[in-house]
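Quick look at query19.cif (mmCIF, C-alpha atoms):
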```cif
data_data
#
loop_
_atom_site.label_atom_id
_atom_site.label_comp_id
_atom_site.auth_asym_id
_atom_site.auth_seq_id
_atom_site.Cartn_x
_atom_site.Cartn_y
_atom_site.Cartn_z
CA MET A 15 -17.13 23.25 -11.82
CA THR A 16 -14.51 21.24 -9.90
CA ASP A 17 -15.53 19.43 -6.73
CA ALA A 18 -13.22 20.32 -3.80
CA HIS A 19 -12.92 16.57 -3.06
CA ASP A 20 -11.20 16.08 -6.43
CA LEU A 21 -8.55 18.79 -6.04
CA PRO A 22 -4.94 17.54 -5.96
CA GLY A 23 -3.56 17.52 -2.42
CA ARG A 24 -7.06 17.28 -0.91
CA HIS A 25 -5.85 14.34 1.18
CA ASP A 26 -2.30 13.61 2.21
CA VAL A 27 -3.17 9.94 1.66
CA ASP A 28 -5.99 8.51 -0.44
CA LEU A 29 -5.20 4.90 -1.33
CA THR A 30 -7.24 1.93 -2.49
CA ILE A 31 -5.86 -1.54 -1.82
CA ARG A 32 -7.05 -4.60 -3.78
CA LEU A 33 -5.87 -7.83 -2.18
CA THR A 34 -6.22 -11.44 -3.32
CA GLU A 35 -4.96 -14.30 -1.20
CA SER A 36 -4.49 -16.68 -4.16
CA PRO A 37 -5.27 -16.81 -7.90
CA GLY A 38 -9.02 -16.90 -8.45
CA ALA A 39 -9.79 -16.13 -4.79
CA THR A 40 -12.13 -13.39 -3.62
CA GLU A 41 -10.67 -9.91 -3.96
CA TYR A 42 -10.78 -7.74 -0.84
CA THR A 43 -10.83 -3.98 -1.25
CA PHE A 44 -9.68 -1.59 1.46
CA ARG A 45 -9.26 2.18 1.58
CA LEU A 46 -6.97 4.46 3.54
CA GLU A 47 -7.54 8.16 3.56
CA ALA A 48 -5.96 10.74 5.82
CA ARG A 49 -5.42 14.46 5.87
CA ASP A 50 -2.81 16.22 7.98
CA GLY A 51 -2.12 12.94 9.80
CA ALA A 52 -5.76 12.35 10.77
CA ILE A 53 -7.53 9.18 9.59
CA GLY A 54 -10.45 9.92 7.28
CA ALA A 55 -13.94 8.53 7.71
CA GLY A 56 -13.63 6.62 4.42
CA SER A 57 -10.84 4.37 5.73
CA THR A 58 -11.86 0.70 5.80
CA LEU A 59 -8.64 -1.10 6.81
CA PRO A 60 -8.69 -3.24 9.97
CA ASP A 61 -6.11 -0.92 11.60
CA PRO A 62 -6.00 2.39 9.71
CA ALA A 63 -3.68 4.04 12.27
CA ALA A 64 -1.03 1.32 11.78
CA ALA A 65 -1.51 1.52 8.01
CA LEU A 66 -1.03 5.29 8.04
CA GLU A 67 2.09 4.90 10.17
CA ALA A 68 3.53 2.37 7.70
CA VAL A 69 2.72 4.61 4.73
CA GLN A 70 4.26 7.65 6.38
CA ARG A 71 7.38 5.70 7.34
CA PHE A 72 7.98 3.66 4.16
CA GLY A 73 5.70 5.11 1.47
CA GLU A 74 8.16 7.42 -0.24
CA ASP A 75 10.78 4.68 -0.72
CA ILE A 76 8.34 1.89 -1.56
CA PHE A 77 5.94 3.77 -3.84
CA PHE A 78 8.65 5.86 -5.57
CA PRO A 79 11.92 3.88 -5.47
CA LYS A 80 15.01 5.61 -6.72
CA PRO A 81 16.92 3.97 -9.58
CA GLY A 82 20.03 2.14 -8.57
CA PRO A 83 21.96 -1.05 -9.03
CA PRO A 84 19.94 -4.29 -9.11
CA LYS A 85 19.09 -5.71 -5.69
CA LEU A 86 20.25 -9.13 -4.64
CA CYS A 87 17.21 -10.95 -3.27
CA THR A 88 16.96 -14.30 -1.57
CA GLN A 89 15.16 -16.86 -3.68
CA GLN A 90 12.35 -17.79 -1.34
CA TYR A 91 8.63 -17.95 -1.88
CA GLY A 92 6.32 -16.29 0.63
CA GLY A 93 2.94 -17.16 -0.84
CA PRO A 94 0.54 -16.38 -3.68
CA GLN A 95 -0.91 -13.16 -2.23
CA VAL A 96 -1.06 -10.12 -4.50
CA ALA A 97 -1.98 -6.57 -3.48
CA VAL A 98 -2.36 -3.61 -5.82
CA VAL A 99 -2.27 -0.13 -4.30
CA THR A 100 -3.58 2.84 -6.28
CA GLY A 101 -4.41 6.42 -5.44
CA ARG A 102 -2.48 9.40 -4.14
CA PHE A 103 0.25 9.82 -1.54
CA GLN A 104 1.23 13.38 -0.64
CA GLY A 105 0.01 14.70 -3.97
CA ARG A 106 1.71 12.02 -6.10
CA GLU A 107 0.01 9.29 -8.12
CA VAL A 108 0.53 5.76 -6.73
CA LEU A 109 0.35 2.50 -8.66
CA SER A 110 2.25 -0.20 -6.79
CA GLU A 111 1.99 -3.99 -6.85
CA PHE A 112 3.01 -6.19 -3.94
CA ARG A 113 3.80 -9.90 -4.19
CA ARG A 114 5.62 -12.35 -1.96
CA THR A 115 7.77 -13.94 -4.68
CA ASP A 116 11.28 -13.39 -3.27
CA GLY A 117 13.08 -12.01 -0.23
CA CYS A 118 12.96 -8.39 -1.45
CA GLU A 119 9.24 -8.56 -2.20
CA ILE A 120 8.52 -10.25 1.14
CA ALA A 121 10.36 -7.39 2.90
CA ARG A 122 8.26 -4.80 1.01
CA TRP A 123 5.10 -6.70 1.95
CA ARG A 124 6.06 -6.86 5.63
CA ALA A 125 6.93 -3.16 5.76
CA MET A 126 3.50 -2.26 4.36
CA SER A 127 1.55 -5.14 5.94
CA PRO A 128 -0.91 -2.90 7.86
CA LEU A 129 -1.77 -1.17 4.57
CA LEU A 130 -2.29 -4.54 2.89
CA GLY A 131 -4.97 -5.59 5.36
CA GLY A 132 -2.73 -7.34 7.89
CA VAL A 133 -1.00 -6.38 11.09
CA ALA A 134 2.52 -5.08 11.52
CA GLY A 135 5.03 -7.90 10.99
CA GLY A 136 2.34 -10.25 9.75
CA THR A 137 1.90 -11.85 6.38
CA GLY A 138 -0.92 -9.58 5.29
CA ALA A 139 -3.40 -12.46 5.58
CA ILE A 140 -6.99 -11.52 6.25
#
```

Let me see the file written as structure tokens.
Amino acid sequence: MTDAHDLPGRHDVDLTIRLTESPGATEYTFRLEARDGAIGAGSTLPDPAAALEAVQRFGEDIFFPKPGPPKLCTQQYGGPQVAVVTGRFQGREVLSEFRRTDGCEIARWRAMSPLLGGVAGGTGAI
């Protein structure tokens, strides 16, 4: 028998975020769940409303980028933080890694900062 919680599409958003600030550092785990735009009780992010807004605004392009020509990215280093996002977004499987290793990656991090445990426009630092 299938549990209703496990049915595809049960939540519009059901994401787990694993964040480390530097190699070997403590891993922080957060969760964002929402259905029909309402934050679920299982959400553990510092600002789940801002995280949901970021996911709704940028999630499609960031989690499921369309193929295209290579991007030109500035060669700058934003820090050793790494975040891995897994779960489901609007019925689709998500497995996305975030780093701050160049200008393009820093822009992705900033766009999704509330989801990565930080505040909008921040670095994602705890």

Tell me which residues the PyMOL selection byres ((chain A and resi 104) around 12) grabs here, as a ChimeraX atom specification. /A:22-29,47-51,69-70,73-74,77-78,101-103,105-108

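One distance worth recording is that between atom CA of Ala121 of chain A and atom CA of Gly56 of chain A, which is 27.8 Å.
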
Can you tell me, as a VMD selection string, which residues sit within 12 Å of (6.6, -13.3, -0.1) in the file's frame, using all atoms listed in the file? chain A and resid 35 87 to 97 112 to 125 127 136 to 139

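Distance annotation: of A:Pro79, A:Leu86, A:Val98, A:Leu46, the residue with the minimal separation from Glu67 of chain A is A:Leu46; atom set is only C-alpha atoms.
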
Result set of the PyMOL selection byres ((chain A and resi 129) around 8) on the coordinates above, as a ChimeraX atom specification: /A:31,46,59,62,64-66,68-69,126-128,130-132

Store the residues picked out above, limited to C-alpha atoms, as a PDB file, in the coordinates of the input.
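Output contents, as saved in result.pdb:
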```pdb
ATOM      1  CA  ILE A  31      -5.860  -1.540  -1.820  1.00  0.00           C
ATOM      2  CA  LEU A  46      -6.970   4.460   3.540  1.00  0.00           C
ATOM      3  CA  LEU A  59      -8.640  -1.100   6.810  1.00  0.00           C
ATOM      4  CA  PRO A  62      -6.000   2.390   9.710  1.00  0.00           C
ATOM      5  CA  ALA A  64      -1.030   1.320  11.780  1.00  0.00           C
ATOM      6  CA  ALA A  65      -1.510   1.520   8.010  1.00  0.00           C
ATOM      7  CA  LEU A  66      -1.030   5.290   8.040  1.00  0.00           C
ATOM      8  CA  ALA A  68       3.530   2.370   7.700  1.00  0.00           C
ATOM      9  CA  VAL A  69       2.720   4.610   4.730  1.00  0.00           C
ATOM     10  CA  MET A 126       3.500  -2.260   4.360  1.00  0.00           C
ATOM     11  CA  SER A 127       1.550  -5.140   5.940  1.00  0.00           C
ATOM     12  CA  PRO A 128      -0.910  -2.900   7.860  1.00  0.00           C
ATOM     13  CA  LEU A 130      -2.290  -4.540   2.890  1.00  0.00           C
ATOM     14  CA  GLY A 131      -4.970  -5.590   5.360  1.00  0.00           C
ATOM     15  CA  GLY A 132      -2.730  -7.340   7.890  1.00  0.00           C
TER      16      GLY A 132
END
```

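In this structure, atom CA of Ser36 of chain A sits 14.5 Å away from atom CA of Glu111 of chain A.
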
Closest of A:Lys85, A:Asp75, A:Lys80, A:Thr100 to Arg45 of chain A - atom-to-atom distances counting only C-alpha atoms: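 Selected residue with least distance to Arg45 of chain A: A:Thr100.
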
In Å, rounded to a single decimal, give me how far atom CA of Ile76 of chain A is from atom CA of Gly38 of chain A.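 Between atom CA of Gly38 of chain A and atom CA of Ile76 of chain A the gap works out to 26.5 Å.
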
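Residue nearest Tyr42 of chain A, chosen from A:Ala55, A:Leu109, A:Ala63, A:Val99 and counting only C-alpha atoms: A:Val99.
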